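What follows is a single structure, written as structure tokens, with notes after it.
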Amino acid sequence: MLVHLSIHNYAIVDHLDLELDAGMSAISGETGAGKSIMLDALGLCLGDRADSGVVRPGADKADILASFDLADIPEARTWLAERDLDNDGPCILRRVITAEGRSRGYINGSPCPQADLKALGELIIDIHSQHEHQSLLKTDTHRRLLDEYAGSQDLARQVQLAAQRWKQTRNELERISNQGDEQRARHQLLSYQLEELENLALGDNELEQLEQEHKALSNAEALLAACRQVLDLCSESDVGNVLSALTASLNRLGAFGGQGGALNEASNLLASAQIQVEEAVGELNRFLDHFDADPERQQFLEERLDTIYTLARKHRIQPTELAALQQQLFEELEGLNADDQASERLAEELAAYERHYQEKAAELSTLRCNAAERLAAAVEQEMQALGMPGGRFNIQLQAMSSEEPHASGLEMVEFLVSANPGQPLRGLAKVASGGELSRISLAIQVITAQTSRVPTLVFDEVDVGIGGPTAEVVGQLLRRLGERGQVLCVTHLPQVAAQGHQHLFVHKRRGEDATSTAVSKLDESGRVEEIARMLGGVDLTEESLAHARKMVTSAQAA
């Protein structure tokens, strides 16, 4: 529960420290004194949006701190532990807003985003505002309240998540399916192109070898003539050839053997040249012996090269890039095959998600059906106690028109009401007046709060438009809620304020230069005086004080 609230430089609040107790705390004060300002400041600690306008004029920042005892809120303790934000003492939420509009949030001294404050706040406190009845005109609110009453919020979130996953999977499957015709055409083209390349079966370095061989065959006659001429010059010419000249030269120098020095080196070089020329002649002869100027081979080479060049031109690449293209086409084709596999996988996942959704949604429907009857009966009973005798309340569960998984579940939830005997049940927006809607809203809030796991409930002037004996019933309802936890109730009604276990008085404190809000915890005599003031007496009289004293005594004795 909320045990301490500290507010500095917020709106007209200069400095406020407030200790709070269990039970029902009535909060009253004159209009404009700052009652709702306290709750607005508390809302900032719980993640509400803020701007620089909330900072007290002349101050550089507003600083709000709220301390909570989480002993009876295991969900909140688990939430903190999962984020390493827990400690041994109270949980402290803090919000700082600068005059420039910057905002910072803290949980137990650690900086945190606004979303974390909001998420934790929803676990530890529940605020009902005077305008909440306006949201009752929306069927989304009807569904949320029924799920809260049924204790099925977690299951409702599972249904919502299952529907979201189903929708995401369906969209992805449709995306792939919509690309089907285009992909099939692309798949067919790639398969054909890849088959051409595979049939070509171009080997490593084959193109270079083919070009060399083709070049050789194309110049066959000139090449043979050149080889024979070289052989003739080197060894076969009768007039004179290189080998005979080298042999004659060696013989001539050999007559002067033993001279050593340069003459001996020259002889060695001539001998080496003779050997190399002989080897060259041998290589030329072997080439001529094995050279095959087969016209059929030349035609084959020309056809093979033409196939390679034509395929390269078709793909607008160089012939040397055909192997890389083949690998690229293969990888793209594999990707399209993977999409086909993904389509099959997504179809299986879609069916699995729908089965999971139907299972969870059916569970949720069962809980809603069981809770709808109980909630309707409880609200109807409270409506009659709140000055609407003969009023009827019903919760309609209507099946969704679409068969597709819906985030809300299998049915739409709508609250139906008949404010007066003899009138048919119709939607709230169609039959309820402002005052009736306010009382119906209060009845629903009181009933749903009884099943809330949140121990601290705040009611901000939810009794607007209610008076007389009905106001006393409202006070008794709120006091009953306070006996099971903590209730903070901002009220203008003395019948409600008298029911509180404690009474906080909000008033303005005027100084020489500024006015600020202050809060006093009233003792018994102060409480009687404040309730007497709320009864309408400008000047307190013995009669008004006696009336107020009787109201307080009766409430405490009940």
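Naming scheme: A, B, ... for chains in displayed order of the structure tokens; residues 1 onward per chain; ligands 1 onward as shown.
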
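Look at A:Asp86: the protein and nucleic acid residues within 12 Å of it, using only C-alpha atoms and passing over chain neighbours fewer than 3 places away, are Leu70, Pro74, Ala76, Arg77, Thr78, Trp79, Leu80, Ala81, Glu82, Arg83, Gly89, Pro90, Cys91, Ile92, Leu93, Ile107, Asn108, Gly109, Ser110 and Leu120 of chain A.
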
I need the residues from that last selection saved to file as a PDB file, in the first residue's frame (with N, CA, C and O atoms), if you can.
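Final file, again_30.pdb:
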ATOM      1  N   LEU A  70       5.195  -3.267  -0.224  1.00  0.00           N
ATOM      2  CA  LEU A  70       4.804  -4.309  -1.174  1.00  0.00           C
ATOM      3  C   LEU A  70       4.664  -5.685  -0.519  1.00  0.00           C
ATOM      4  O   LEU A  70       4.680  -6.708  -1.210  1.00  0.00           O
ATOM      5  N   PRO A  74       2.894  -9.767  -4.188  1.00  0.00           N
ATOM      6  CA  PRO A  74       3.990 -10.605  -4.703  1.00  0.00           C
ATOM      7  C   PRO A  74       4.294 -10.340  -6.180  1.00  0.00           C
ATOM      8  O   PRO A  74       5.444 -10.461  -6.607  1.00  0.00           O
ATOM      9  N   ALA A  76       4.300  -7.496  -7.740  1.00  0.00           N
ATOM     10  CA  ALA A  76       5.185  -6.331  -7.841  1.00  0.00           C
ATOM     11  C   ALA A  76       6.598  -6.682  -7.393  1.00  0.00           C
ATOM     12  O   ALA A  76       7.584  -6.243  -8.004  1.00  0.00           O
ATOM     13  N   ARG A  77       6.716  -7.483  -6.345  1.00  0.00           N
ATOM     14  CA  ARG A  77       8.053  -7.881  -5.871  1.00  0.00           C
ATOM     15  C   ARG A  77       8.767  -8.716  -6.934  1.00  0.00           C
ATOM     16  O   ARG A  77       9.961  -8.562  -7.162  1.00  0.00           O
ATOM     17  N   THR A  78       8.022  -9.598  -7.586  1.00  0.00           N
ATOM     18  CA  THR A  78       8.612 -10.407  -8.665  1.00  0.00           C
ATOM     19  C   THR A  78       9.055  -9.518  -9.820  1.00  0.00           C
ATOM     20  O   THR A  78      10.139  -9.704 -10.387  1.00  0.00           O
ATOM     21  N   TRP A  79       8.216  -8.540 -10.174  1.00  0.00           N
ATOM     22  CA  TRP A  79       8.543  -7.614 -11.267  1.00  0.00           C
ATOM     23  C   TRP A  79       9.846  -6.890 -10.976  1.00  0.00           C
ATOM     24  O   TRP A  79      10.713  -6.752 -11.847  1.00  0.00           O
ATOM     25  N   LEU A  80      10.008  -6.416  -9.749  1.00  0.00           N
ATOM     26  CA  LEU A  80      11.237  -5.711  -9.365  1.00  0.00           C
ATOM     27  C   LEU A  80      12.439  -6.644  -9.379  1.00  0.00           C
ATOM     28  O   LEU A  80      13.525  -6.277  -9.850  1.00  0.00           O
ATOM     29  N   ALA A  81      12.255  -7.856  -8.850  1.00  0.00           N
ATOM     30  CA  ALA A  81      13.375  -8.809  -8.775  1.00  0.00           C
ATOM     31  C   ALA A  81      13.865  -9.183 -10.167  1.00  0.00           C
ATOM     32  O   ALA A  81      15.073  -9.325 -10.397  1.00  0.00           O
ATOM     33  N   GLU A  82      12.953  -9.334 -11.116  1.00  0.00           N
ATOM     34  CA  GLU A  82      13.349  -9.699 -12.484  1.00  0.00           C
ATOM     35  C   GLU A  82      14.205  -8.627 -13.136  1.00  0.00           C
ATOM     36  O   GLU A  82      14.971  -8.912 -14.058  1.00  0.00           O
ATOM     37  N   ARG A  83      14.109  -7.392 -12.641  1.00  0.00           N
ATOM     38  CA  ARG A  83      14.862  -6.275 -13.225  1.00  0.00           C
ATOM     39  C   ARG A  83      15.962  -5.770 -12.298  1.00  0.00           C
ATOM     40  O   ARG A  83      16.531  -4.698 -12.513  1.00  0.00           O
ATOM     41  N   GLY A  89      13.639  -2.587   1.823  1.00  0.00           N
ATOM     42  CA  GLY A  89      12.696  -1.645   2.407  1.00  0.00           C
ATOM     43  C   GLY A  89      11.506  -1.391   1.507  1.00  0.00           C
ATOM     44  O   GLY A  89      11.175  -2.193   0.634  1.00  0.00           O
ATOM     45  N   PRO A  90      10.845  -0.269   1.714  1.00  0.00           N
ATOM     46  CA  PRO A  90       9.709   0.081   0.854  1.00  0.00           C
ATOM     47  C   PRO A  90      10.162   0.353  -0.576  1.00  0.00           C
ATOM     48  O   PRO A  90      11.314   0.689  -0.824  1.00  0.00           O
ATOM     49  N   CYS A  91       9.239   0.209  -1.502  1.00  0.00           N
ATOM     50  CA  CYS A  91       9.515   0.524  -2.905  1.00  0.00           C
ATOM     51  C   CYS A  91       9.276   2.017  -3.117  1.00  0.00           C
ATOM     52  O   CYS A  91       8.194   2.530  -2.803  1.00  0.00           O
ATOM     53  N   ILE A  92      10.276   2.702  -3.642  1.00  0.00           N
ATOM     54  CA  ILE A  92      10.197   4.156  -3.790  1.00  0.00           C
ATOM     55  C   ILE A  92      10.168   4.507  -5.277  1.00  0.00           C
ATOM     56  O   ILE A  92      11.097   4.206  -6.018  1.00  0.00           O
ATOM     57  N   LEU A  93       9.074   5.144  -5.680  1.00  0.00           N
ATOM     58  CA  LEU A  93       8.947   5.655  -7.045  1.00  0.00           C
ATOM     59  C   LEU A  93       9.136   7.170  -7.008  1.00  0.00           C
ATOM     60  O   LEU A  93       8.566   7.851  -6.149  1.00  0.00           O
ATOM     61  N   ILE A 107      13.124   4.172  -9.940  1.00  0.00           N
ATOM     62  CA  ILE A 107      12.552   3.107  -9.109  1.00  0.00           C
ATOM     63  C   ILE A 107      13.642   2.653  -8.143  1.00  0.00           C
ATOM     64  O   ILE A 107      14.691   2.169  -8.572  1.00  0.00           O
ATOM     65  N   ASN A 108      13.385   2.849  -6.868  1.00  0.00           N
ATOM     66  CA  ASN A 108      14.376   2.519  -5.832  1.00  0.00           C
ATOM     67  C   ASN A 108      15.739   3.128  -6.144  1.00  0.00           C
ATOM     68  O   ASN A 108      16.790   2.493  -5.970  1.00  0.00           O
ATOM     69  N   GLY A 109      15.732   4.363  -6.623  1.00  0.00           N
ATOM     70  CA  GLY A 109      16.964   5.105  -6.866  1.00  0.00           C
ATOM     71  C   GLY A 109      17.599   4.868  -8.221  1.00  0.00           C
ATOM     72  O   GLY A 109      18.530   5.577  -8.595  1.00  0.00           O
ATOM     73  N   SER A 110      17.100   3.888  -8.982  1.00  0.00           N
ATOM     74  CA  SER A 110      17.684   3.596 -10.294  1.00  0.00           C
ATOM     75  C   SER A 110      16.870   4.289 -11.390  1.00  0.00           C
ATOM     76  O   SER A 110      15.635   4.198 -11.390  1.00  0.00           O
ATOM     77  N   LEU A 120       4.875  -0.896 -13.394  1.00  0.00           N
ATOM     78  CA  LEU A 120       4.893  -1.210 -11.964  1.00  0.00           C
ATOM     79  C   LEU A 120       3.689  -0.582 -11.271  1.00  0.00           C
ATOM     80  O   LEU A 120       3.076  -1.195 -10.386  1.00  0.00           O
TER      81      LEU A 120
END

Hey, what's within 7 Å of A:Trp166 if we count only C-alpha atoms and toss same-chain stuff fewer than 5 positions away? As a PDB file with all heavy atoms, in the first residue's frame, please?
ATOM      1  N   LEU A 350       0.861 -21.438 -39.161  1.00  0.00           N
ATOM      2  CA  LEU A 350      -0.432 -20.757 -39.127  1.00  0.00           C
ATOM      3  C   LEU A 350      -1.502 -21.669 -38.530  1.00  0.00           C
ATOM      4  O   LEU A 350      -2.299 -21.232 -37.686  1.00  0.00           O
ATOM      5  CB  LEU A 350      -0.821 -20.335 -40.545  1.00  0.00           C
ATOM      6  CG  LEU A 350      -2.043 -19.422 -40.660  1.00  0.00           C
ATOM      7  CD1 LEU A 350      -1.760 -18.075 -40.039  1.00  0.00           C
ATOM      8  CD2 LEU A 350      -2.457 -19.250 -42.116  1.00  0.00           C
ATOM      9  N   TYR A 353      -0.804 -21.956 -34.768  1.00  0.00           N
ATOM     10  CA  TYR A 353      -1.207 -20.752 -34.040  1.00  0.00           C
ATOM     11  C   TYR A 353      -2.726 -20.668 -33.906  1.00  0.00           C
ATOM     12  O   TYR A 353      -3.254 -20.241 -32.881  1.00  0.00           O
ATOM     13  CB  TYR A 353      -0.676 -19.502 -34.742  1.00  0.00           C
ATOM     14  CG  TYR A 353       0.790 -19.245 -34.508  1.00  0.00           C
ATOM     15  CD1 TYR A 353       1.610 -18.779 -35.535  1.00  0.00           C
ATOM     16  CD2 TYR A 353       1.376 -19.459 -33.263  1.00  0.00           C
ATOM     17  CE1 TYR A 353       2.961 -18.547 -35.324  1.00  0.00           C
ATOM     18  CE2 TYR A 353       2.724 -19.229 -33.046  1.00  0.00           C
ATOM     19  CZ  TYR A 353       3.505 -18.771 -34.087  1.00  0.00           C
ATOM     20  OH  TYR A 353       4.840 -18.528 -33.881  1.00  0.00           O
ATOM     21  N   GLU A 354      -3.433 -21.072 -34.959  1.00  0.00           N
ATOM     22  CA  GLU A 354      -4.898 -21.017 -34.889  1.00  0.00           C
ATOM     23  C   GLU A 354      -5.423 -22.024 -33.871  1.00  0.00           C
ATOM     24  O   GLU A 354      -6.362 -21.725 -33.120  1.00  0.00           O
ATOM     25  CB  GLU A 354      -5.494 -21.287 -36.267  1.00  0.00           C
ATOM     26  CG  GLU A 354      -7.006 -21.137 -36.275  1.00  0.00           C
ATOM     27  CD  GLU A 354      -7.593 -21.061 -37.669  1.00  0.00           C
ATOM     28  OE1 GLU A 354      -6.833 -21.221 -38.639  1.00  0.00           O
ATOM     29  OE2 GLU A 354      -8.810 -20.843 -37.780  1.00  0.00           O
TER      30      GLU A 354
END

Determine, counting only C-alpha atoms, which protein, DNA and RNA residues have an atom within 9 Å of an atom of stretch 299-303 of chain A; residues of the same chain fewer than 2 positions away are not included. Present the result as a compact mmCIF listing (two decimals) with all heavy atoms, in the first residue's frame.
# COMPACT_ATOMS: atom_id res chain seq x y z
N LEU A 210 41.31 -24.10 -75.29
CA LEU A 210 40.63 -24.16 -76.59
C LEU A 210 41.10 -23.05 -77.51
O LEU A 210 41.32 -23.26 -78.71
CB LEU A 210 39.12 -24.06 -76.38
CG LEU A 210 38.42 -25.26 -75.73
CD1 LEU A 210 36.97 -24.93 -75.44
CD2 LEU A 210 38.50 -26.49 -76.64
N GLU A 211 41.24 -21.85 -76.95
CA GLU A 211 41.68 -20.72 -77.77
C GLU A 211 43.09 -20.92 -78.31
O GLU A 211 43.40 -20.60 -79.46
CB GLU A 211 41.58 -19.43 -76.96
CG GLU A 211 40.14 -18.98 -76.72
CD GLU A 211 40.05 -17.74 -75.84
OE1 GLU A 211 41.00 -17.50 -75.05
OE2 GLU A 211 39.05 -17.01 -75.92
N GLU A 213 44.62 -23.85 -78.82
CA GLU A 213 44.62 -24.92 -79.82
C GLU A 213 44.00 -24.43 -81.13
O GLU A 213 44.47 -24.75 -82.24
CB GLU A 213 43.85 -26.13 -79.31
CG GLU A 213 43.94 -27.34 -80.24
CD GLU A 213 43.21 -28.55 -79.70
OE1 GLU A 213 42.66 -28.48 -78.57
OE2 GLU A 213 43.15 -29.58 -80.43
N HIS A 214 42.92 -23.64 -81.01
CA HIS A 214 42.28 -23.13 -82.22
C HIS A 214 43.21 -22.20 -82.98
O HIS A 214 43.26 -22.22 -84.21
CB HIS A 214 40.99 -22.40 -81.84
CG HIS A 214 40.26 -21.83 -83.03
ND1 HIS A 214 40.39 -20.52 -83.43
CD2 HIS A 214 39.42 -22.43 -83.93
CE1 HIS A 214 39.65 -20.30 -84.49
NE2 HIS A 214 39.03 -21.46 -84.83
N ASP A 294 43.92 -31.76 -88.29
CA ASP A 294 42.65 -32.42 -88.62
C ASP A 294 41.57 -31.35 -88.81
O ASP A 294 41.22 -30.62 -87.86
CB ASP A 294 42.27 -33.38 -87.50
CG ASP A 294 41.00 -34.16 -87.82
OD1 ASP A 294 40.43 -33.94 -88.90
OD2 ASP A 294 40.57 -34.94 -86.96
N PRO A 295 40.97 -31.22 -89.96
CA PRO A 295 39.92 -30.22 -90.17
C PRO A 295 38.68 -30.46 -89.30
O PRO A 295 38.00 -29.53 -88.90
CB PRO A 295 39.60 -30.34 -91.66
CG PRO A 295 40.19 -31.61 -92.12
CD PRO A 295 41.29 -31.98 -91.17
N GLU A 296 38.41 -31.73 -88.98
CA GLU A 296 37.27 -32.03 -88.11
C GLU A 296 37.52 -31.49 -86.69
O GLU A 296 36.61 -30.98 -86.05
CB GLU A 296 37.02 -33.53 -88.07
CG GLU A 296 36.52 -34.10 -89.39
CD GLU A 296 36.23 -35.58 -89.29
OE1 GLU A 296 36.42 -36.16 -88.19
OE2 GLU A 296 35.79 -36.17 -90.30
N ARG A 297 38.78 -31.62 -86.22
CA ARG A 297 39.13 -31.09 -84.90
C ARG A 297 38.99 -29.58 -84.90
O ARG A 297 38.47 -29.00 -83.93
CB ARG A 297 40.57 -31.50 -84.54
CG ARG A 297 41.09 -30.92 -83.25
CD ARG A 297 40.31 -31.43 -82.06
NE ARG A 297 40.82 -30.88 -80.80
CZ ARG A 297 40.24 -31.04 -79.63
NH1 ARG A 297 39.10 -31.74 -79.53
NH2 ARG A 297 40.76 -30.53 -78.54
N LEU A 305 33.87 -23.13 -79.21
CA LEU A 305 34.12 -21.74 -78.85
C LEU A 305 32.92 -20.86 -79.18
O LEU A 305 32.57 -19.94 -78.42
CB LEU A 305 35.37 -21.23 -79.57
CG LEU A 305 36.71 -21.78 -79.05
CD1 LEU A 305 37.85 -21.39 -79.98
CD2 LEU A 305 36.98 -21.26 -77.63
N ASP A 306 32.25 -21.15 -80.30
CA ASP A 306 31.08 -20.37 -80.68
C ASP A 306 29.96 -20.53 -79.65
O ASP A 306 29.27 -19.56 -79.30
CB ASP A 306 30.59 -20.81 -82.07
CG ASP A 306 29.39 -19.99 -82.52
OD1 ASP A 306 29.54 -18.76 -82.72
OD2 ASP A 306 28.29 -20.57 -82.65
N THR A 307 29.79 -21.76 -79.13
CA THR A 307 28.77 -22.00 -78.09
C THR A 307 29.08 -21.19 -76.83
O THR A 307 28.18 -20.58 -76.22
CB THR A 307 28.71 -23.49 -77.75
OG1 THR A 307 28.40 -24.24 -78.93
CG2 THR A 307 27.67 -23.76 -76.69
N ILE A 308 30.36 -21.20 -76.46
CA ILE A 308 30.77 -20.47 -75.26
C ILE A 308 30.56 -18.96 -75.44
O ILE A 308 29.98 -18.28 -74.58
CB ILE A 308 32.25 -20.78 -74.92
CG1 ILE A 308 32.40 -22.26 -74.53
CG2 ILE A 308 32.73 -19.87 -73.79
CD1 ILE A 308 33.83 -22.71 -74.37

Long-range neighbours of A:Gln398 as a ChimeraX atom specification, 7 Å cut-off, only C-alpha atoms, 3 positions minimum in chain: /A:411-413

Could the residues in this selection be saved with N, CA and C atoms as an mmCIF file, in the first residue's frame?
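Below is the file part_8.cif, written as the result:
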data_model
loop_
_atom_site.group_PDB
_atom_site.id
_atom_site.type_symbol
_atom_site.label_atom_id
_atom_site.label_comp_id
_atom_site.auth_asym_id
_atom_site.auth_seq_id
_atom_site.Cartn_x
_atom_site.Cartn_y
_atom_site.Cartn_z
ATOM 1 N N GLU A 411 -15.714 -13.335 -28.671
ATOM 2 C CA GLU A 411 -16.959 -12.616 -28.539
ATOM 3 C C GLU A 411 -16.725 -11.143 -28.237
ATOM 4 N N MET A 412 -17.744 -10.356 -28.570
ATOM 5 C CA MET A 412 -17.769 -8.956 -28.162
ATOM 6 C C MET A 412 -18.532 -8.856 -26.842
ATOM 7 N N VAL A 413 -18.083 -7.954 -25.983
ATOM 8 C CA VAL A 413 -18.701 -7.781 -24.666
ATOM 9 C C VAL A 413 -19.375 -6.419 -24.629
#

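Residues within 12 Å of A:Pro405, counting only C-alpha atoms and excluding same-chain residues fewer than 4 positions away, are A:Val159, A:Gln160, A:Leu161, A:Ala162, A:Ala163, A:Gln164, A:Arg165, A:Trp166, A:Lys167, A:Gln168, A:Arg170, A:Leu350, A:Ala351, A:Tyr353, A:Glu354, A:Arg355, A:His356, A:Tyr357, A:Gln358, A:Glu359, A:Lys360, A:Ala361, A:Ala362, A:Ala399, A:Met400, A:Ser401, A:Gly409, A:Leu410, A:Glu411.
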
Pull N, CA, C and O atoms from the residues just selected and write them as an mmCIF file, in the first residue's frame.
data_model
loop_
_atom_site.group_PDB
_atom_site.id
_atom_site.type_symbol
_atom_site.label_atom_id
_atom_site.label_comp_id
_atom_site.auth_asym_id
_atom_site.auth_seq_id
_atom_site.Cartn_x
_atom_site.Cartn_y
_atom_site.Cartn_z
ATOM 1 N N VAL A 159 -4.463 -14.691 -25.346
ATOM 2 C CA VAL A 159 -5.323 -14.727 -26.534
ATOM 3 C C VAL A 159 -4.922 -13.617 -27.504
ATOM 4 O O VAL A 159 -4.823 -13.836 -28.721
ATOM 5 N N GLN A 160 -4.675 -12.437 -26.972
ATOM 6 C CA GLN A 160 -4.268 -11.314 -27.815
ATOM 7 C C GLN A 160 -2.957 -11.621 -28.526
ATOM 8 O O GLN A 160 -2.811 -11.367 -29.733
ATOM 9 N N LEU A 161 -1.992 -12.184 -27.788
ATOM 10 C CA LEU A 161 -0.697 -12.513 -28.374
ATOM 11 C C LEU A 161 -0.845 -13.605 -29.428
ATOM 12 O O LEU A 161 -0.220 -13.542 -30.499
ATOM 13 N N ALA A 162 -1.683 -14.604 -29.155
ATOM 14 C CA ALA A 162 -1.899 -15.687 -30.125
ATOM 15 C C ALA A 162 -2.514 -15.135 -31.411
ATOM 16 O O ALA A 162 -2.134 -15.539 -32.517
ATOM 17 N N ALA A 163 -3.452 -14.205 -31.269
ATOM 18 C CA ALA A 163 -4.073 -13.605 -32.456
ATOM 19 C C ALA A 163 -3.068 -12.782 -33.246
ATOM 20 O O ALA A 163 -3.054 -12.795 -34.483
ATOM 21 N N GLN A 164 -2.206 -12.059 -32.539
ATOM 22 C CA GLN A 164 -1.180 -11.260 -33.213
ATOM 23 C C GLN A 164 -0.212 -12.148 -33.973
ATOM 24 O O GLN A 164 0.156 -11.847 -35.122
ATOM 25 N N ARG A 165 0.214 -13.250 -33.346
ATOM 26 C CA ARG A 165 1.135 -14.162 -34.023
ATOM 27 C C ARG A 165 0.472 -14.784 -35.252
ATOM 28 O O ARG A 165 1.101 -14.949 -36.302
ATOM 29 N N TRP A 166 -0.799 -15.147 -35.117
ATOM 30 C CA TRP A 166 -1.520 -15.720 -36.259
ATOM 31 C C TRP A 166 -1.575 -14.707 -37.396
ATOM 32 O O TRP A 166 -1.326 -15.044 -38.553
ATOM 33 N N LYS A 167 -1.894 -13.465 -37.076
ATOM 34 C CA LYS A 167 -2.015 -12.432 -38.107
ATOM 35 C C LYS A 167 -0.676 -12.167 -38.780
ATOM 36 O O LYS A 167 -0.594 -12.029 -40.008
ATOM 37 N N GLN A 168 0.401 -12.086 -37.987
ATOM 38 C CA GLN A 168 1.726 -11.854 -38.555
ATOM 39 C C GLN A 168 2.123 -12.995 -39.494
ATOM 40 O O GLN A 168 2.665 -12.769 -40.584
ATOM 41 N N ARG A 170 0.084 -15.076 -41.042
ATOM 42 C CA ARG A 170 -0.771 -15.052 -42.232
ATOM 43 C C ARG A 170 -0.295 -13.987 -43.223
ATOM 44 O O ARG A 170 -0.248 -14.226 -44.433
ATOM 45 N N LEU A 350 0.861 -21.438 -39.161
ATOM 46 C CA LEU A 350 -0.432 -20.757 -39.127
ATOM 47 C C LEU A 350 -1.502 -21.669 -38.530
ATOM 48 O O LEU A 350 -2.299 -21.232 -37.686
ATOM 49 N N ALA A 351 -1.491 -22.915 -38.948
ATOM 50 C CA ALA A 351 -2.469 -23.869 -38.408
ATOM 51 C C ALA A 351 -2.241 -24.093 -36.916
ATOM 52 O O ALA A 351 -3.196 -24.175 -36.129
ATOM 53 N N TYR A 353 -0.804 -21.956 -34.768
ATOM 54 C CA TYR A 353 -1.207 -20.752 -34.040
ATOM 55 C C TYR A 353 -2.726 -20.668 -33.906
ATOM 56 O O TYR A 353 -3.254 -20.241 -32.881
ATOM 57 N N GLU A 354 -3.433 -21.072 -34.959
ATOM 58 C CA GLU A 354 -4.898 -21.017 -34.889
ATOM 59 C C GLU A 354 -5.423 -22.024 -33.871
ATOM 60 O O GLU A 354 -6.362 -21.725 -33.120
ATOM 61 N N ARG A 355 -4.823 -23.209 -33.830
ATOM 62 C CA ARG A 355 -5.248 -24.192 -32.820
ATOM 63 C C ARG A 355 -4.993 -23.671 -31.421
ATOM 64 O O ARG A 355 -5.843 -23.805 -30.529
ATOM 65 N N HIS A 356 -3.807 -23.050 -31.230
ATOM 66 C CA HIS A 356 -3.473 -22.494 -29.914
ATOM 67 C C HIS A 356 -4.442 -21.368 -29.550
ATOM 68 O O HIS A 356 -4.918 -21.283 -28.404
ATOM 69 N N TYR A 357 -4.741 -20.530 -30.542
ATOM 70 C CA TYR A 357 -5.673 -19.419 -30.288
ATOM 71 C C TYR A 357 -7.045 -19.953 -29.890
ATOM 72 O O TYR A 357 -7.651 -19.492 -28.911
ATOM 73 N N GLN A 358 -7.546 -20.910 -30.655
ATOM 74 C CA GLN A 358 -8.880 -21.445 -30.374
ATOM 75 C C GLN A 358 -8.938 -22.064 -28.977
ATOM 76 O O GLN A 358 -9.940 -21.925 -28.257
ATOM 77 N N GLU A 359 -7.865 -22.726 -28.592
ATOM 78 C CA GLU A 359 -7.823 -23.351 -27.261
ATOM 79 C C GLU A 359 -7.894 -22.289 -26.157
ATOM 80 O O GLU A 359 -8.711 -22.389 -25.234
ATOM 81 N N LYS A 360 -7.021 -21.253 -26.274
ATOM 82 C CA LYS A 360 -6.990 -20.210 -25.246
ATOM 83 C C LYS A 360 -8.252 -19.359 -25.274
ATOM 84 O O LYS A 360 -8.781 -18.961 -24.228
ATOM 85 N N ALA A 361 -8.733 -19.058 -26.484
ATOM 86 C CA ALA A 361 -9.938 -18.238 -26.594
ATOM 87 C C ALA A 361 -11.149 -18.960 -26.020
ATOM 88 O O ALA A 361 -12.028 -18.336 -25.420
ATOM 89 N N ALA A 362 -11.210 -20.272 -26.193
ATOM 90 C CA ALA A 362 -12.320 -21.046 -25.623
ATOM 91 C C ALA A 362 -12.251 -21.005 -24.092
ATOM 92 O O ALA A 362 -13.293 -20.881 -23.420
ATOM 93 N N ALA A 399 -21.023 -13.415 -30.340
ATOM 94 C CA ALA A 399 -19.938 -14.032 -31.119
ATOM 95 C C ALA A 399 -19.459 -13.078 -32.208
ATOM 96 O O ALA A 399 -20.239 -12.335 -32.811
ATOM 97 N N MET A 400 -18.161 -13.094 -32.451
ATOM 98 C CA MET A 400 -17.566 -12.268 -33.503
ATOM 99 C C MET A 400 -18.120 -12.701 -34.863
ATOM 100 O O MET A 400 -18.321 -13.888 -35.119
ATOM 101 N N SER A 401 -18.345 -11.725 -35.721
ATOM 102 C CA SER A 401 -18.861 -12.037 -37.054
ATOM 103 C C SER A 401 -17.801 -12.714 -37.928
ATOM 104 O O SER A 401 -18.112 -13.525 -38.795
ATOM 105 N N GLY A 409 -10.740 -11.988 -28.547
ATOM 106 C CA GLY A 409 -11.337 -13.273 -28.219
ATOM 107 C C GLY A 409 -12.451 -13.634 -29.179
ATOM 108 O O GLY A 409 -12.590 -13.061 -30.258
ATOM 109 N N LEU A 410 -13.277 -14.582 -28.757
ATOM 110 C CA LEU A 410 -14.314 -15.108 -29.637
ATOM 111 C C LEU A 410 -15.599 -14.299 -29.606
ATOM 112 O O LEU A 410 -16.505 -14.550 -30.405
ATOM 113 N N GLU A 411 -15.714 -13.335 -28.671
ATOM 114 C CA GLU A 411 -16.959 -12.616 -28.539
ATOM 115 C C GLU A 411 -16.725 -11.143 -28.237
ATOM 116 O O GLU A 411 -15.675 -10.754 -27.738
#

Spatial neighbours of A:Leu545, max dist 10 Å, only C-alpha atoms, sep filter under 2 positions, as a list in words: Ser525, Val528, Glu529, Glu530, Ile531, Ala532, Arg533, Leu535, Gly537, Leu540, Thr541, Glu542, Glu543, His547, Ala548, Arg549, Lys550 and Met551 of chain A

Selection: 10 Å around stretch 461-473 of chain A, only C-alpha atoms, excl. self and same-chain fewer than 6 positions, as a PyMOL selection string: chain A and resi 27-28+35-36+128-133+382+384-388+434-439+441-442+445+479+489-499+551+555

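One distance worth recording is that between atom CA of A:Leu39 and atom CA of A:Asp460, which is 7.9 Å.
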
Backbone-only DSSP, alpha helix (DSSP H) members of stretch 87-180 of chain A, as a PyMOL selection string: chain A and resi 114-124+132-135+139-150+153-178+180

Selected residue, from A:Leu189, A:Val379, A:Leu284, A:Leu481, that lies nearest to A:Leu146 when counting only C-alpha atoms: A:Val379

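Proximity of A:Ala377, A:Leu457, A:Leu428, A:Leu65 to A:Asp17, computed with only C-alpha atoms, is greatest for A:Leu65.
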
Distance of atom CA of A:Arg104 from atom CA of A:Val13, expressed in Å to one decimal place: 19.4 Å
